[in-house]
file model_36.txt (compact mmCIF, C-alpha atoms)
# COMPACT_ATOMS: atom_id res chain seq x y z
CA MET A 1 -155.32 -76.26 125.82
CA VAL A 2 -158.22 -78.47 124.72
CA ASN A 3 -155.81 -81.36 124.16
CA ASP A 4 -154.64 -81.01 127.77
CA PHE A 5 -158.21 -81.47 129.01
CA PHE A 6 -158.82 -84.33 126.60
CA GLU A 7 -155.71 -86.23 127.63
CA LYS A 8 -156.26 -85.85 131.37
CA GLU A 9 -157.89 -88.80 133.12
CA TYR A 10 -160.12 -87.62 135.94
CA THR A 11 -160.83 -89.73 139.00
CA TYR A 12 -164.43 -90.10 140.09
CA SER A 13 -163.96 -87.72 143.02
CA GLU A 14 -162.32 -85.12 140.74
CA ILE A 15 -165.25 -85.35 138.31
CA ILE A 16 -167.77 -84.73 141.09
CA GLU A 17 -165.74 -81.85 142.52
CA ASN A 18 -165.43 -80.28 139.07
CA LEU A 19 -169.20 -80.47 138.59
CA LYS A 20 -169.80 -78.98 142.03
CA ASN A 21 -167.45 -76.08 141.30
CA SER A 22 -169.50 -73.26 139.78
CA ASP A 23 -166.26 -71.49 138.79
CA ALA A 24 -164.82 -74.46 136.89
CA ASP A 25 -163.96 -73.86 133.24
CA ASP A 26 -166.51 -75.20 130.75
CA PHE A 27 -163.90 -77.49 129.20
CA VAL A 28 -163.13 -78.94 132.63
CA LYS A 29 -166.80 -79.78 133.13
CA ILE A 30 -167.25 -81.14 129.61
CA PHE A 31 -164.30 -83.51 129.81
CA SER A 32 -165.23 -84.46 133.35
CA VAL A 33 -168.61 -85.60 132.04
CA ILE A 34 -166.96 -87.44 129.15
CA ASN A 35 -164.70 -89.26 131.63
CA LEU A 36 -167.62 -90.28 133.85
CA GLU A 37 -168.06 -94.05 133.58
CA ASN A 38 -170.62 -94.68 136.30
CA ILE A 39 -172.69 -92.95 138.94
CA LYS A 40 -172.25 -94.07 142.53
CA ASN A 41 -175.25 -92.49 144.21
CA THR A 42 -178.42 -90.42 143.76
CA ASP A 43 -176.82 -87.13 144.80
CA ASP A 44 -174.10 -87.44 142.18
CA PHE A 45 -176.69 -88.31 139.55
CA LYS A 46 -178.73 -85.23 140.46
CA LEU A 47 -175.56 -83.17 140.14
CA LEU A 48 -175.13 -84.48 136.60
CA LEU A 49 -178.80 -83.78 135.82
CA PHE A 50 -178.38 -80.24 137.15
CA HIS A 51 -176.06 -79.52 134.22
CA LEU A 52 -178.64 -80.60 131.63
CA THR A 53 -180.30 -77.17 131.82
CA ASN A 54 -179.19 -73.57 132.37
CA HIS A 55 -175.57 -74.19 131.41
CA SER A 56 -173.59 -73.61 128.23
CA THR A 57 -174.65 -75.60 125.17
CA PRO A 58 -171.52 -77.82 125.07
CA ILE A 59 -171.99 -78.80 128.73
CA ARG A 60 -175.69 -79.54 128.23
CA GLU A 61 -174.98 -81.65 125.16
CA ALA A 62 -172.23 -83.63 126.92
CA VAL A 63 -174.59 -84.32 129.81
CA ALA A 64 -177.48 -85.35 127.53
CA LEU A 65 -175.26 -87.85 125.70
CA LYS A 66 -173.90 -89.17 128.99
CA LEU A 67 -177.44 -89.62 130.33
CA GLU A 68 -178.35 -91.54 127.19
CA GLU A 69 -175.32 -93.77 127.77
CA ILE A 70 -176.15 -94.28 131.45
CA SER A 71 -179.76 -95.17 130.68
CA LYS A 72 -178.63 -98.18 128.67
CA ASN A 73 -177.18 -99.72 131.84
CA GLY A 74 -180.12 -99.12 134.18
CA ILE A 75 -182.69 -96.44 134.91
CA ASP A 76 -183.32 -96.57 138.67
CA LEU A 77 -181.55 -93.23 139.18
CA PHE A 78 -183.87 -91.60 136.63
CA LEU A 79 -187.10 -92.41 138.43
CA ASN A 80 -187.64 -89.33 140.61
CA ASP A 81 -189.28 -85.92 140.37
CA TYR A 82 -186.05 -83.98 139.84
CA SER A 83 -185.14 -86.21 136.94
CA LYS A 84 -188.60 -85.65 135.47
CA ILE A 85 -188.21 -81.87 135.64
CA GLN A 86 -184.78 -81.92 134.02
CA LEU A 87 -185.72 -84.36 131.27
CA LEU A 88 -188.78 -82.29 130.37
CA GLY A 89 -186.50 -79.28 130.06
CA GLY A 90 -184.03 -81.23 127.93
CA ILE A 91 -186.73 -82.30 125.48
CA ILE A 92 -187.18 -78.71 124.29
CA ASP A 93 -183.56 -77.59 124.48
CA ILE A 94 -182.58 -75.19 121.69
CA ASN A 95 -179.89 -77.67 120.66
CA PRO A 96 -181.63 -80.50 118.74
CA ASN A 97 -178.84 -82.94 119.63
CA ILE A 98 -179.89 -82.61 123.27
CA SER A 99 -183.58 -83.01 122.44
CA ARG A 100 -182.76 -86.06 120.33
CA ALA A 101 -180.72 -87.69 123.10
CA ILE A 102 -183.53 -87.25 125.65
CA CYS A 103 -186.09 -88.62 123.20
CA SER A 104 -183.82 -91.64 122.68
CA ILE A 105 -183.89 -92.26 126.43
CA LEU A 106 -187.68 -92.16 126.33
CA GLU A 107 -187.92 -94.41 123.31
CA ASN A 108 -186.06 -97.20 125.04
CA ASN A 109 -187.43 -96.95 128.59
CA ILE A 110 -191.13 -97.39 129.33
CA GLU A 111 -190.69 -96.56 133.04
CA ILE A 112 -189.22 -93.16 132.17
CA GLN A 113 -192.06 -92.64 129.68
CA ASP A 114 -194.53 -93.33 132.48
CA LEU A 115 -192.68 -90.92 134.76
CA ILE A 116 -193.03 -87.91 132.47
CA PHE A 117 -196.10 -88.76 130.38
CA ASP A 118 -198.79 -86.82 132.27
CA ASP A 119 -196.60 -83.73 132.56
CA LEU A 120 -195.62 -84.00 128.90
CA ILE A 121 -199.27 -84.09 127.87
CA GLU A 122 -200.02 -81.09 130.09
CA LYS A 123 -197.08 -79.05 128.81
CA THR A 124 -198.02 -79.81 125.19
CA LYS A 125 -201.62 -78.76 125.80
CA ASN A 126 -200.50 -75.54 127.50
CA LEU A 127 -198.16 -74.74 124.62
CA ILE A 128 -200.96 -75.32 122.11
CA ALA A 129 -203.22 -73.02 124.11
CA SER A 130 -200.49 -70.37 124.02
CA ILE A 131 -200.08 -70.77 120.25
CA LYS A 132 -203.83 -70.42 119.75
CA GLU A 133 -203.74 -67.11 121.62
CA ASP A 134 -200.70 -65.79 119.75
CA SER A 135 -201.64 -63.33 117.00
CA ASP A 136 -198.51 -64.26 115.02
CA PHE A 137 -200.04 -67.69 114.52
CA LYS A 138 -203.64 -66.55 114.04
CA ILE A 139 -203.11 -63.54 111.78
CA ASN A 140 -199.52 -63.45 110.56
CA ILE A 141 -198.77 -67.09 109.75
CA ASN A 142 -195.88 -66.17 107.46
CA LYS A 143 -194.34 -63.69 109.88
CA LYS A 144 -191.04 -64.90 111.31
CA SER A 145 -190.01 -64.12 114.87
CA HIS A 146 -187.79 -65.62 117.53
CA ALA A 147 -190.72 -66.14 119.90
CA LYS A 148 -192.76 -67.87 117.22
CA ASN A 149 -189.87 -70.10 116.16
CA LYS A 150 -189.26 -71.03 119.79
CA LYS A 151 -192.86 -72.20 120.21
CA ASN A 152 -192.74 -74.14 116.94
CA PHE A 153 -189.51 -75.81 118.02
CA ALA A 154 -190.91 -76.73 121.45
CA LEU A 155 -194.09 -78.13 119.91
CA TYR A 156 -192.09 -80.22 117.46
CA TRP A 157 -190.04 -81.85 120.20
CA TYR A 158 -192.95 -82.31 122.62
CA LEU A 159 -194.78 -84.16 119.84
CA GLU A 160 -191.69 -86.20 119.02
CA ALA A 161 -191.33 -87.20 122.69
CA LEU A 162 -195.01 -88.12 122.91
CA SER A 163 -194.69 -90.28 119.80
CA PHE A 164 -192.33 -92.57 121.74
CA CYS A 165 -194.65 -92.98 124.73
CA GLU A 166 -196.61 -96.21 124.76
CA ASN A 167 -199.39 -94.59 126.84
CA ILE A 168 -200.26 -92.40 123.87
CA LYS A 169 -202.10 -95.32 122.26
CA ASN A 170 -205.17 -95.01 124.46
CA ASN A 171 -204.93 -91.47 125.80
CA SER A 172 -208.05 -89.40 125.14
CA GLU A 173 -206.28 -86.07 125.70
CA ALA A 174 -203.84 -86.96 122.95
CA LEU A 175 -206.60 -86.65 120.34
CA GLU A 176 -206.92 -82.94 121.10
CA ILE A 177 -203.17 -82.56 120.58
CA VAL A 178 -203.13 -84.62 117.39
CA ASN A 179 -206.11 -82.76 115.95
CA PHE A 180 -204.25 -79.49 116.41
CA ALA A 181 -201.01 -80.87 114.96
CA ILE A 182 -202.65 -82.47 111.90
CA ASN A 183 -204.23 -79.13 110.99
CA PHE A 184 -201.11 -77.02 111.64
CA TYR A 185 -199.63 -74.91 108.83
CA ASP A 186 -196.09 -76.27 109.29
CA TYR A 187 -195.65 -79.71 107.71
CA THR A 188 -193.02 -80.75 110.28
CA ILE A 189 -195.64 -80.39 113.02
CA ARG A 190 -198.23 -82.24 110.91
CA GLU A 191 -195.68 -85.00 110.41
CA LYS A 192 -195.25 -85.44 114.16
CA GLY A 193 -199.01 -85.38 114.60
CA ALA A 194 -199.32 -88.15 111.99
CA LYS A 195 -196.61 -90.13 113.77
CA ILE A 196 -198.67 -90.10 116.98
CA LEU A 197 -201.89 -90.81 115.08
CA ALA A 198 -200.37 -93.90 113.47
CA LYS A 199 -199.46 -95.23 116.92
CA MET A 200 -203.01 -95.03 118.28
CA GLU A 201 -205.02 -98.23 118.37
CA LYS A 202 -208.29 -96.75 117.10
CA PRO A 203 -207.53 -93.36 115.56
CA PRO A 204 -210.53 -91.35 114.33
CA SER A 205 -211.16 -91.93 110.63
CA GLU A 206 -211.55 -88.21 109.93
CA LEU A 207 -208.06 -87.50 111.27
CA LEU A 208 -206.63 -90.38 109.29
CA GLN A 209 -208.30 -89.05 106.18
CA LYS A 210 -206.92 -85.59 106.88
CA ALA A 211 -203.40 -86.98 107.17
CA LYS A 212 -203.91 -89.21 104.13
CA SER A 213 -204.89 -86.15 102.07
CA ASP A 214 -201.94 -84.06 103.20
CA GLN A 215 -199.86 -82.49 100.43
CA ASN A 216 -196.66 -83.60 102.15
CA PHE A 217 -195.48 -87.11 101.32
CA TYR A 218 -193.96 -87.76 104.75
CA VAL A 219 -197.23 -86.95 106.52
CA LYS A 220 -199.15 -89.29 104.21
CA ASN A 221 -196.58 -92.04 104.52
CA LEU A 222 -196.81 -92.19 108.32
CA VAL A 223 -200.49 -93.20 108.22
CA TYR A 224 -200.24 -95.45 105.17
CA GLY A 225 -200.57 -98.67 107.16
CA LYS A 226 -203.59 -97.33 109.05
CA ILE A 227 -205.70 -96.68 105.97
CA ASP A 228 -208.34 -99.17 104.92
CA TYR A 229 -208.54 -98.84 101.18
CA GLY A 230 -211.69 -100.96 101.15
CA GLU A 231 -213.70 -98.16 102.76

call {"tool": "encode", "arguments": {"input": "model_36.txt", "output": "structure tokens"}}
result
Amino acid sequence: MVNDFFEKEYTYSEIIENLKNSDADDFVKIFSVINLENIKNTDDFKLLLFHLTNHSTPIREAVALKLEEISKNGIDLFLNDYSKIQLLGGIIDINPNISRAICSILENNIEIQDLIFDDLIEKTKNLIASIKEDSDFKININKKSHAKNKKNFALYWYLEALSFCENIKNNSEALEIVNFAINFYDYTIREKGAKILAKMEKPPSELLQKAKSDQNFYVKNLVYGKIDYGE
């Protein structure tokens, strides 16, 4: 059955109709996305973006990879509010392949970075505020829970996305975020905090020292080039 979908060549109009059809089989949508070679207009692009969230994982992943492919040929279709909303959702998808694909789009496109940067900063700050209020983080650091893991995962990918944004270099709000990340109990979060810190033009020496003294090699290594050993 899968081979039948894989071998079928969809026309552009068939692809769009398949994506519009809420009753279409997941495999039909997945292979429709795979067969999509270009986007002819804004409405069709928004239809593709619609499938980046609130659909099955295979569909979301196919769309994320297709968006990454499309972004290499031009980004005009990405520069709108709906795109911003969907990309922000994709950054913290539970499937890391999707998060990684969206971060790749950001890494290579400054205009898309600019589009989402303010909202990304705000969402990261709000998540940090939520973590600070969560007793599982304040009292039961070693306690495992789905809700706690979900927040950790979202923070990790928000920080990763921010690390690719050029505006982070001189953003004062970012220091609040980095300070929290550098002092976090999970080394993967500290690592992302150090990655942002290393990108800043004039990072605070106390934060650099904190990262330099981290027990985790990867955290230390990220700020290596920022350390003045003559101090």

call {"tool": "axis_aligned_box", "arguments": {"input": "model_36.txt", "around": "stretch 100-108 of chain A", "padding_each_side": "6 Å", "output": "AutoDock Vina command-line options"}}
result
--center_x -184.3 --center_y -91.6 --center_z 123.4 --size_x 19.2 --size_y 23.1 --size_z 18.1

call {"tool": "closest_atom_pairs", "arguments": {"input": "model_36.txt", "of": "stretch 142-185 of chain A", "to": "stretch 88-95 of chain A", "cutoff": "9 Å", "atoms": "only C-alpha atoms", "output": "tab-separated table"}}
result
residue	atom	partner	partner_atom	distance
A:Lys150	CA	A:Ile94	CA	8.1
A:Phe153	CA	A:Ile92	CA	7.3
A:Ala154	CA	A:Ile92	CA	5.1
A:Leu155	CA	A:Ile92	CA	8.2
A:Tyr156	CA	A:Ile92	CA	8.5
A:Trp157	CA	A:Ile92	CA	5.9
A:Tyr158	CA	A:Ile91	CA	6.8
A:Ala161	CA	A:Ile91	CA	7.3

call {"tool": "closest_atom_pairs", "arguments": {"input": "model_36.txt", "of": "stretch 46-116 of chain A", "to": "stretch 19-32 of chain A", "cutoff": "12 Å", "atoms": "only C-alpha atoms", "output": "JSON lines"}}
result
{"residue": "A:Lys46", "atom": "CA", "partner": "A:Leu19", "partner_atom": "CA", "distance": 10.8}
{"residue": "A:Leu47", "atom": "CA", "partner": "A:Leu19", "partner_atom": "CA", "distance": 7.1}
{"residue": "A:Leu48", "atom": "CA", "partner": "A:Leu19", "partner_atom": "CA", "distance": 7.4}
{"residue": "A:Leu49", "atom": "CA", "partner": "A:Leu19", "partner_atom": "CA", "distance": 10.5}
{"residue": "A:Phe50", "atom": "CA", "partner": "A:Leu19", "partner_atom": "CA", "distance": 9.3}
{"residue": "A:His51", "atom": "CA", "partner": "A:Leu19", "partner_atom": "CA", "distance": 8.2}
{"residue": "A:Leu52", "atom": "CA", "partner": "A:Ile30", "partner_atom": "CA", "distance": 11.6}
{"residue": "A:His55", "atom": "CA", "partner": "A:Asp26", "partner_atom": "CA", "distance": 9.1}
{"residue": "A:Ser56", "atom": "CA", "partner": "A:Asp26", "partner_atom": "CA", "distance": 7.7}
{"residue": "A:Thr57", "atom": "CA", "partner": "A:Asp26", "partner_atom": "CA", "distance": 9.9}
{"residue": "A:Pro58", "atom": "CA", "partner": "A:Ile30", "partner_atom": "CA", "distance": 7.1}
{"residue": "A:Ile59", "atom": "CA", "partner": "A:Ile30", "partner_atom": "CA", "distance": 5.4}
{"residue": "A:Arg60", "atom": "CA", "partner": "A:Ile30", "partner_atom": "CA", "distance": 8.7}
{"residue": "A:Glu61", "atom": "CA", "partner": "A:Ile30", "partner_atom": "CA", "distance": 8.9}
{"residue": "A:Ala62", "atom": "CA", "partner": "A:Ile30", "partner_atom": "CA", "distance": 6.2}
{"residue": "A:Val63", "atom": "CA", "partner": "A:Ile30", "partner_atom": "CA", "distance": 8.0}
{"residue": "A:Ala64", "atom": "CA", "partner": "A:Ile30", "partner_atom": "CA", "distance": 11.3}
{"residue": "A:Leu65", "atom": "CA", "partner": "A:Ile30", "partner_atom": "CA", "distance": 11.2}
{"residue": "A:Lys66", "atom": "CA", "partner": "A:Ile30", "partner_atom": "CA", "distance": 10.4}

call {"tool": "residues_near_point", "arguments": {"input": "model_36.txt", "point": "(-198.1, -75.8, 105.7)", "cutoff": "12 Å", "atoms": "all atoms listed in the file", "output": "list in words"}}
result
Ile141, Asn142, Ala181, Ile182, Asn183, Phe184, Tyr185, Asp186, Tyr187, Thr188, Ile189, Arg190, Glu191, Asp214, Gln215, Asn216 and Val219 of chain A

call {"tool": "closest_residue", "arguments": {"input": "model_36.txt", "among": "A:Asp81, A:Asp134, A:Glu166, A:Glu173", "to": "A:Asn152", "atoms": "only C-alpha atoms"}}
result
A:Asp134

call {"tool": "atom_distance", "arguments": {"input": "model_36.txt", "atom1": "atom CA of A:Leu207", "atom2": "atom CA of A:Asn167"}}
result
19.2 Å

call {"tool": "closest_atom_pairs", "arguments": {"input": "model_36.txt", "of": "stretch 69-123 of chain A", "to": "stretch 174-179 of chain A", "cutoff": "12 Å", "atoms": "all atoms listed in the file", "output": "Markdown table"}}
result
| residue | atom | partner | partner_atom | distance |
| --- | --- | --- | --- | --- |
| A:Phe117 | CA | A:Ala174 | CA | 10.9 |
| A:Asp118 | CA | A:Ala174 | CA | 10.6 |
| A:Leu120 | CA | A:Ala174 | CA | 10.6 |
| A:Ile121 | CA | A:Ala174 | CA | 7.3 |
| A:Glu122 | CA | A:Ala174 | CA | 10.0 |
| A:Lys123 | CA | A:Ile177 | CA | 10.8 |

call {"tool": "atom_distance", "arguments": {"input": "model_36.txt", "atom1": "atom CA of A:Asn171", "atom2": "atom CA of A:Lys72"}}
result
27.3 Å

call {"tool": "closest_residue", "arguments": {"input": "model_36.txt", "among": "A:Lys144, A:Cys165, A:Pro204, A:Ala198", "to": "A:Asn109", "atoms": "all atoms listed in the file"}}
result
A:Cys165

call {"tool": "atom_distance", "arguments": {"input": "model_36.txt", "atom1": "atom CA of A:Gly193", "atom2": "atom CA of A:Leu67"}}
result
27.0 Å

call {"tool": "build_atoms", "arguments": {"input": "model_36.txt", "residues": "stretch 50-61 of chain A", "atoms": "all heavy atoms", "output": "tab-separated table (two decimals), keeping the file's coordinate frame"}}
result
chain	number	residue	atom	x	y	z
A	50	PHE	N	-178.36	-81.69	136.96
A	50	PHE	CA	-178.38	-80.24	137.15
A	50	PHE	C	-177.75	-79.51	135.96
A	50	PHE	O	-178.18	-78.41	135.58
A	50	PHE	CB	-177.63	-79.89	138.44
A	50	PHE	CG	-177.43	-78.42	138.67
A	50	PHE	CD1	-178.51	-77.59	138.97
A	50	PHE	CD2	-176.16	-77.86	138.59
A	50	PHE	CE1	-178.32	-76.23	139.19
A	50	PHE	CE2	-175.97	-76.51	138.80
A	50	PHE	CZ	-177.05	-75.69	139.11
A	51	HIS	N	-176.78	-80.14	135.33
A	51	HIS	CA	-176.06	-79.52	134.22
A	51	HIS	C	-176.74	-79.74	132.87
A	51	HIS	O	-176.23	-79.32	131.84
A	51	HIS	CB	-174.62	-80.03	134.17
A	51	HIS	CG	-173.77	-79.53	135.30
A	51	HIS	ND1	-173.82	-80.07	136.56
A	51	HIS	CD2	-172.87	-78.51	135.35
A	51	HIS	CE1	-172.96	-79.43	137.35
A	51	HIS	NE2	-172.38	-78.48	136.64
A	52	LEU	N	-177.90	-80.39	132.88
A	52	LEU	CA	-178.64	-80.60	131.63
A	52	LEU	C	-179.37	-79.33	131.20
A	52	LEU	O	-179.70	-79.16	130.02
A	52	LEU	CB	-179.65	-81.74	131.81
A	52	LEU	CG	-180.50	-82.11	130.59
A	52	LEU	CD1	-179.63	-82.59	129.43
A	52	LEU	CD2	-181.53	-83.19	130.96
A	53	THR	N	-179.62	-78.43	132.13
A	53	THR	CA	-180.30	-77.17	131.82
A	53	THR	C	-179.53	-76.00	132.43
A	53	THR	O	-178.77	-76.17	133.38
A	53	THR	CB	-181.74	-77.17	132.38
A	53	THR	OG1	-181.69	-77.34	133.80
A	53	THR	CG2	-182.58	-78.28	131.76
A	54	ASN	N	-179.75	-74.82	131.84
A	54	ASN	CA	-179.19	-73.57	132.37
A	54	ASN	C	-177.66	-73.56	132.47
A	54	ASN	O	-177.09	-72.95	133.37
A	54	ASN	CB	-179.80	-73.25	133.74
A	54	ASN	CG	-181.30	-73.07	133.66
A	54	ASN	OD1	-181.82	-72.42	132.75
A	54	ASN	ND2	-182.03	-73.67	134.60
A	55	HIS	N	-177.02	-74.24	131.55
A	55	HIS	CA	-175.57	-74.19	131.41
A	55	HIS	C	-175.24	-73.97	129.94
A	55	HIS	O	-176.14	-73.93	129.10
A	55	HIS	CB	-174.93	-75.47	131.94
A	55	HIS	CG	-174.94	-75.58	133.43
A	55	HIS	ND1	-176.06	-75.98	134.14
A	55	HIS	CD2	-173.98	-75.31	134.36
A	55	HIS	CE1	-175.79	-75.97	135.43
A	55	HIS	NE2	-174.54	-75.55	135.60
A	56	SER	N	-173.97	-73.85	129.63
A	56	SER	CA	-173.59	-73.61	128.23
A	56	SER	C	-173.99	-74.81	127.38
A	56	SER	O	-174.10	-75.94	127.86
A	56	SER	CB	-172.09	-73.37	128.13
A	56	SER	OG	-171.38	-74.56	128.38
A	57	THR	N	-174.20	-74.55	126.09
A	57	THR	CA	-174.65	-75.60	125.17
A	57	THR	C	-173.71	-76.81	125.15
A	57	THR	O	-174.19	-77.94	125.20
A	57	THR	CB	-174.81	-75.03	123.76
A	57	THR	OG1	-175.84	-74.03	123.78
A	57	THR	CG2	-175.24	-76.12	122.78
A	58	PRO	N	-172.39	-76.64	125.08
A	58	PRO	CA	-171.52	-77.82	125.07
A	58	PRO	C	-171.65	-78.68	126.32
A	58	PRO	O	-171.59	-79.91	126.25
A	58	PRO	CB	-170.11	-77.22	124.94
A	58	PRO	CG	-170.33	-75.88	124.30
A	58	PRO	CD	-171.62	-75.39	124.88
A	59	ILE	N	-171.81	-78.04	127.48
A	59	ILE	CA	-171.99	-78.80	128.73
A	59	ILE	C	-173.31	-79.56	128.69
A	59	ILE	O	-173.37	-80.76	128.99
A	59	ILE	CB	-171.95	-77.87	129.96
A	59	ILE	CG1	-170.54	-77.33	130.18
A	59	ILE	CG2	-172.41	-78.63	131.22
A	59	ILE	CD1	-170.42	-76.33	131.31
A	60	ARG	N	-174.38	-78.89	128.28
A	60	ARG	CA	-175.69	-79.54	128.23
A	60	ARG	C	-175.67	-80.74	127.29
A	60	ARG	O	-176.25	-81.78	127.58
A	60	ARG	CB	-176.78	-78.55	127.80
A	60	ARG	CG	-176.95	-77.36	128.73
A	60	ARG	CD	-178.26	-76.62	128.49
A	60	ARG	NE	-178.59	-76.40	127.11
A	60	ARG	CZ	-178.17	-75.38	126.37
A	60	ARG	NH1	-177.34	-74.48	126.89
A	60	ARG	NH2	-178.54	-75.24	125.10
A	61	GLU	N	-175.02	-80.56	126.14
A	61	GLU	CA	-174.98	-81.65	125.16
A	61	GLU	C	-174.17	-82.83	125.70
A	61	GLU	O	-174.57	-83.99	125.53
A	61	GLU	CB	-174.39	-81.16	123.84
A	61	GLU	CG	-174.39	-82.24	122.77
A	61	GLU	CD	-174.06	-81.71	121.38
A	61	GLU	OE1	-174.07	-80.48	121.19
A	61	GLU	OE2	-173.78	-82.54	120.50
